[in-house]
Amino acid sequence: MVRLGFQEDGVNRKLGWCATSWLALLCTTGCGSEAVGGPTTVTVSGSVLGKEGEILRRQLERFDREHPEIRVEMRPTPDAADLRHQLYVQWLNARASDPDILQVDAIWTPEFAAAGWILPLDRYAPDTAAFFPVTIQANRWQGELFALPWFVDVGMLYWRTDLFDRAPRTWEELDRDARRAIAGGTPRYGLVLQGARYEGLITVFLEYLGGFGGHILEGGRVTVHHAPGVRALTTMRNQFRDGIVPARALTWHEEEPRFAFQNGEAAFMRNWPYAVSQMQDGARSRVAGKFAVAPMPAAPGGRPTAAFGGAQLAINGFSPEADAAWLVIDYLTRPEQMLERAKLVGQFPTRTAVFDDPALAEALAIPPAQARAIVEAAVPRPVTPVYTQLSEILQIQLHRALSRQAEPEAALAAAAREMQALLDRVGLGRRQVAGR
Amino acid sequence: MPAAKPRGAEQREARLAYGMIAPAVATILLIALFPLSWTVWESLHLHDLRMPWLGQPFIGLENYLEVLGDGRFWGAMAHTLWFAAASVSLELVLGCVLALAMNRTFRGRALVRASILIPWAIPTVVGALVWRFMFEGLEGWLTDDLRAWVPVILADTWKETPFVALLLLAGLQGIDPSLYEAARIDGASPWRQFRYVTLPLLVPAILVALIFRTMNAFRVFDLIYVLTSGGPGTATEPISLYTFNSLMHNLRFGYGSALSVLVFLVTFALALGYIRLLGRGLTETRQ
């Protein structure tokens, strides 16, 4: 009996992914879409939780009324970006034709495009000039557009108007203000941010880095370990050492800092725009009416920087209903839908013209001109199909430096060495990598 | 004595027998051998989903050579061995103590035996989340490269000790009480009874527990995925998590398969070693 147990153990062990993808394959060939009469069905996957789900449902219902020949269905996917990425990879690697429309992060666009998993959109002649250039640039791969920007996320500094008269413009000012604020014990934390070892840490670091005038890549060469990078990482690490940022933030994603700030436990917070609408609700938030947002601080020689994030809509490369899917994407990215999104969930539009609409001023928590300035200054992450691996290398080394397992210089030098080796190996060194 | 069957009938019976086990054999081949061989085959290719233009050329043992020069792989291997050694030792000692306690007659014994299984019945992910919440509240535990092991090993010990205790309890109950009577008559102290009667007779049960636990500890994934995600940095990253990342995160199917095959080989070697040990342990006790 024991012997049998072993064999099962040994065999199951290494086949986890194999069996999964195999089952997925069976499923797609078995339950793929068949041609039937009646309306065409198009499926949309993405965030369907809470208000985001509500608003998407409402917009899709309106689309259905406008296009009775197309029926749109929602496919829920995990809200955590890493998990959604894994799910998409499983589906697309198995050549699943469902869902037809994918909500993707900008950093996945080159990867999926290179794999042939999403369709180029140029054949539908989208009006790319109407969008912020940074949002279009991030979705191009080898000259073609593969996803249409849906909404923009930018990193911002949240600050307490009941504690300070104005937002700090340099890291020195922020450190000084934070120290003074936490000297009495309330609030507990000076600055809260996303410090766990995941993509969020890269976006935060990108903002520190830009604030010191540094870049991750320049012309295909890794330059993150140059002087500005070391200064940026040292500044960040000293904030942990000095108790301005709590050590526990090294395990925090988006929601933990929001809870801390919302409960009045932090003087400053770095987060995405989504937090604004949640924290304005006086019934749940202790800081309703007592906070404002500003660009992230900078140092002399740098400029306030926001990491560019957000969602894009792409068409599954195996979808038999690409044309119908395009109609849905075109509908969801119209100015009036963006305005509605801004109103209900505070997500920034990707079309520049929407920022001139007076209705947006009521919808957003910050003046549209300020929001627009932050988006225009947003920095995209490197555009390469090996982005996730580049990011992982940097995440690990940043986290090692911040948790005091390595010195900033050594950590960044190790990261740069590995990142450059990866870029050289896959032949995307100087020549093909776009972005910085 | 039944009359010998004619030759033809015997052959027919053999054919029938083969026919009847064929579905089972086919199933095993399909669900076990086929994916395994596929993984091995995959590991000999350059297969990177992010760069389909490279194709899937056969590259021999190149993936394996890269693994051998990969510092993160050796780190993950060391973490896995350390985790397995630390958690399994703790579980064996504590499980033995619990089993001895439960083997005595006392009021409410059935209730204690049932309730001790509770941690084991809780899904690992749920248990790991509870431990994460507890340790997140303590400044500096999950964010320190050495101290982060404490919640990981504690959580595993908390969860798996009941399993070991139950296995050992079954072993204890199989020991003939007359042996203890004889030992008492000879004037053996409780310690000597444990050392010279209980322990030797418990060896088969201990070995079974050891095998199951080491194999499982070597494959640890969900607990660490939820509790520390392998952090801070990669300080608590086990080999299964690294393999998972290479495959599902970085989409390096060839390289990830090579990692999987190496993990399989190590686990398989462990299993073979234990089976030989177990076989010897059993025969020795019988003598």
# chains A, B, ... in the order shown; residues from 1 in each chain; ligands from 1
$ select_by_dssp --residues "region 7-253 of chain B" --states "alpha helix (DSSP H)" --output "ChimeraX atom specification"
/B:7-28,34-43,62-68,71-102,109-115,118-121,124-136,149-173,177-185,190-193,199-218,222-227,239-244,253
$ closest_atom_pairs --of "chain B" --to "chain A" --cutoff "7 Å" --atoms "only C-alpha atoms" --output "Markdown table"
| residue | atom | partner | partner_atom | distance |
| --- | --- | --- | --- | --- |
| B:Ala32 | CA | A:Val11 | CA | 5.8 |
| B:Pro35 | CA | A:Cys18 | CA | 6.3 |
| B:Leu36 | CA | A:Leu15 | CA | 6.5 |
| B:Leu49 | CA | A:Ala115 | CA | 6.1 |
| B:Arg50 | CA | A:Ala115 | CA | 5.5 |
| B:Met51 | CA | A:Ala115 | CA | 6.2 |
| B:Pro52 | CA | A:Ala115 | CA | 5.5 |
| B:Glu136 | CA | A:Arg248 | CA | 6.8 |
| B:Glu139 | CA | A:Arg248 | CA | 6.0 |
| B:Gly140 | CA | A:Ala247 | CA | 6.1 |
| B:Thr143 | CA | A:Ser403 | CA | 6.1 |
| B:Asp144 | CA | A:Ser403 | CA | 6.3 |
| B:Pro232 | CA | A:His399 | CA | 6.2 |
| B:Gly233 | CA | A:Ile396 | CA | 4.6 |
| B:Thr234 | CA | A:Ile396 | CA | 6.6 |
| B:Met248 | CA | A:Gln86 | CA | 5.9 |
| B:His249 | CA | A:Gln86 | CA | 6.7 |
| B:Asn250 | CA | A:Gln389 | CA | 5.5 |
| B:Ser260 | CA | A:Lys14 | CA | 5.4 |
| B:Val261 | CA | A:Lys14 | CA | 6.9 |
| B:Phe264 | CA | A:Lys14 | CA | 6.0 |
| B:Thr267 | CA | A:Gly10 | CA | 6.9 |
| B:Phe268 | CA | A:Gly10 | CA | 6.2 |
| B:Ala271 | CA | A:Phe6 | CA | 6.9 |
$ write_last_selection --atoms "C-alpha atoms" --output "PDB file, in the first residue's frame"
ATOM      1  CA  ALA B  32       1.112   9.095 -15.450  1.00  0.00           C
ATOM      2  CA  PRO B  35       2.646  13.593 -19.150  1.00  0.00           C
ATOM      3  CA  LEU B  36       5.907  12.561 -17.501  1.00  0.00           C
ATOM      4  CA  LEU B  49       6.113  31.168 -25.092  1.00  0.00           C
ATOM      5  CA  ARG B  50       7.185  34.797 -25.049  1.00  0.00           C
ATOM      6  CA  MET B  51       9.313  34.357 -28.157  1.00  0.00           C
ATOM      7  CA  PRO B  52       7.484  32.003 -30.511  1.00  0.00           C
ATOM      8  CA  GLU B 136       1.748  40.342   9.750  1.00  0.00           C
ATOM      9  CA  GLU B 139       6.631  43.920  13.084  1.00  0.00           C
ATOM     10  CA  GLY B 140       9.632  42.432  11.336  1.00  0.00           C
ATOM     11  CA  THR B 143      10.218  40.809   6.381  1.00  0.00           C
ATOM     12  CA  ASP B 144      13.399  39.327   7.838  1.00  0.00           C
ATOM     13  CA  PRO B 232      11.666  38.593   1.534  1.00  0.00           C
ATOM     14  CA  GLY B 233      13.584  38.593  -1.749  1.00  0.00           C
ATOM     15  CA  THR B 234      13.853  34.850  -2.394  1.00  0.00           C
ATOM     16  CA  MET B 248       3.513  30.188 -15.280  1.00  0.00           C
ATOM     17  CA  HIS B 249       5.054  33.587 -14.718  1.00  0.00           C
ATOM     18  CA  ASN B 250       8.005  33.740 -17.087  1.00  0.00           C
ATOM     19  CA  SER B 260      10.375  19.867 -12.845  1.00  0.00           C
ATOM     20  CA  VAL B 261      12.319  16.853 -14.035  1.00  0.00           C
ATOM     21  CA  PHE B 264      11.080  14.643  -9.804  1.00  0.00           C
ATOM     22  CA  THR B 267      11.935  13.109  -4.993  1.00  0.00           C
ATOM     23  CA  PHE B 268      12.146   9.764  -6.737  1.00  0.00           C
ATOM     24  CA  ALA B 271      11.405   7.593  -2.349  1.00  0.00           C
TER      25      ALA B 271
END
$ atom_distance --atom1 "CA of Met296 (chain A)" --atom2 "CA of Ala377 (chain A)"
11.1 Å
$ residues_around --residues "region 167-171 of chain B" --least-positions-apart "4" --cutoff "7 Å" --atoms "only C-alpha atoms" --output "list in words"
Cys96, Ala99, Asn103, Phe163, Leu202, Ala205, Ile206 and Ala209 of chain B
$ closest_residue --among "A:Ala181, A:Val345, A:Leu422, A:Ile329" --to "Ala267 (chain A)" --atoms "only C-alpha atoms"
A:Ala181
$ select_by_dssp --residues "region 28-273 of chain A" --states "strand (DSSP E or B)" --output "PyMOL selection string"
chain A and resi 40-46+70-76+101-105+118+131+140-141+144-145+148-154+156-160+170+189-192+217-218+221-222+266-271
$ residues_around --residues "Ser285 (chain A)" --least-positions-apart "2" --cutoff "12 Å" --atoms "only C-alpha atoms" --output "ChimeraX atom specification"
/A:258-265,275-283,287-291
$ residues_around --residues "Arg104 (chain B)" --least-positions-apart "5" --cutoff "12 Å" --atoms "only C-alpha atoms" --output "list in words"
Val97, Leu98, Ala99, Arg109, Ala110, Val112, Arg113, Leu169, Leu172 and Gln173 of chain B
$ write_last_selection --atoms "C-alpha atoms" --output "mmCIF file, in the first residue's frame"
data_model
loop_
_atom_site.group_PDB
_atom_site.id
_atom_site.type_symbol
_atom_site.label_atom_id
_atom_site.label_comp_id
_atom_site.auth_asym_id
_atom_site.auth_seq_id
_atom_site.Cartn_x
_atom_site.Cartn_y
_atom_site.Cartn_z
ATOM 1 C CA VAL B 97 4.659 12.843 22.237
ATOM 2 C CA LEU B 98 1.028 13.349 21.214
ATOM 3 C CA ALA B 99 0.638 9.721 20.198
ATOM 4 C CA ARG B 109 -10.007 10.342 25.007
ATOM 5 C CA ALA B 110 -12.204 9.990 21.925
ATOM 6 C CA VAL B 112 -9.170 14.568 22.210
ATOM 7 C CA ARG B 113 -8.319 12.162 19.401
ATOM 8 C CA LEU B 169 -0.844 6.045 17.480
ATOM 9 C CA LEU B 172 1.491 2.059 19.307
ATOM 10 C CA GLN B 173 -1.805 0.220 19.428
#
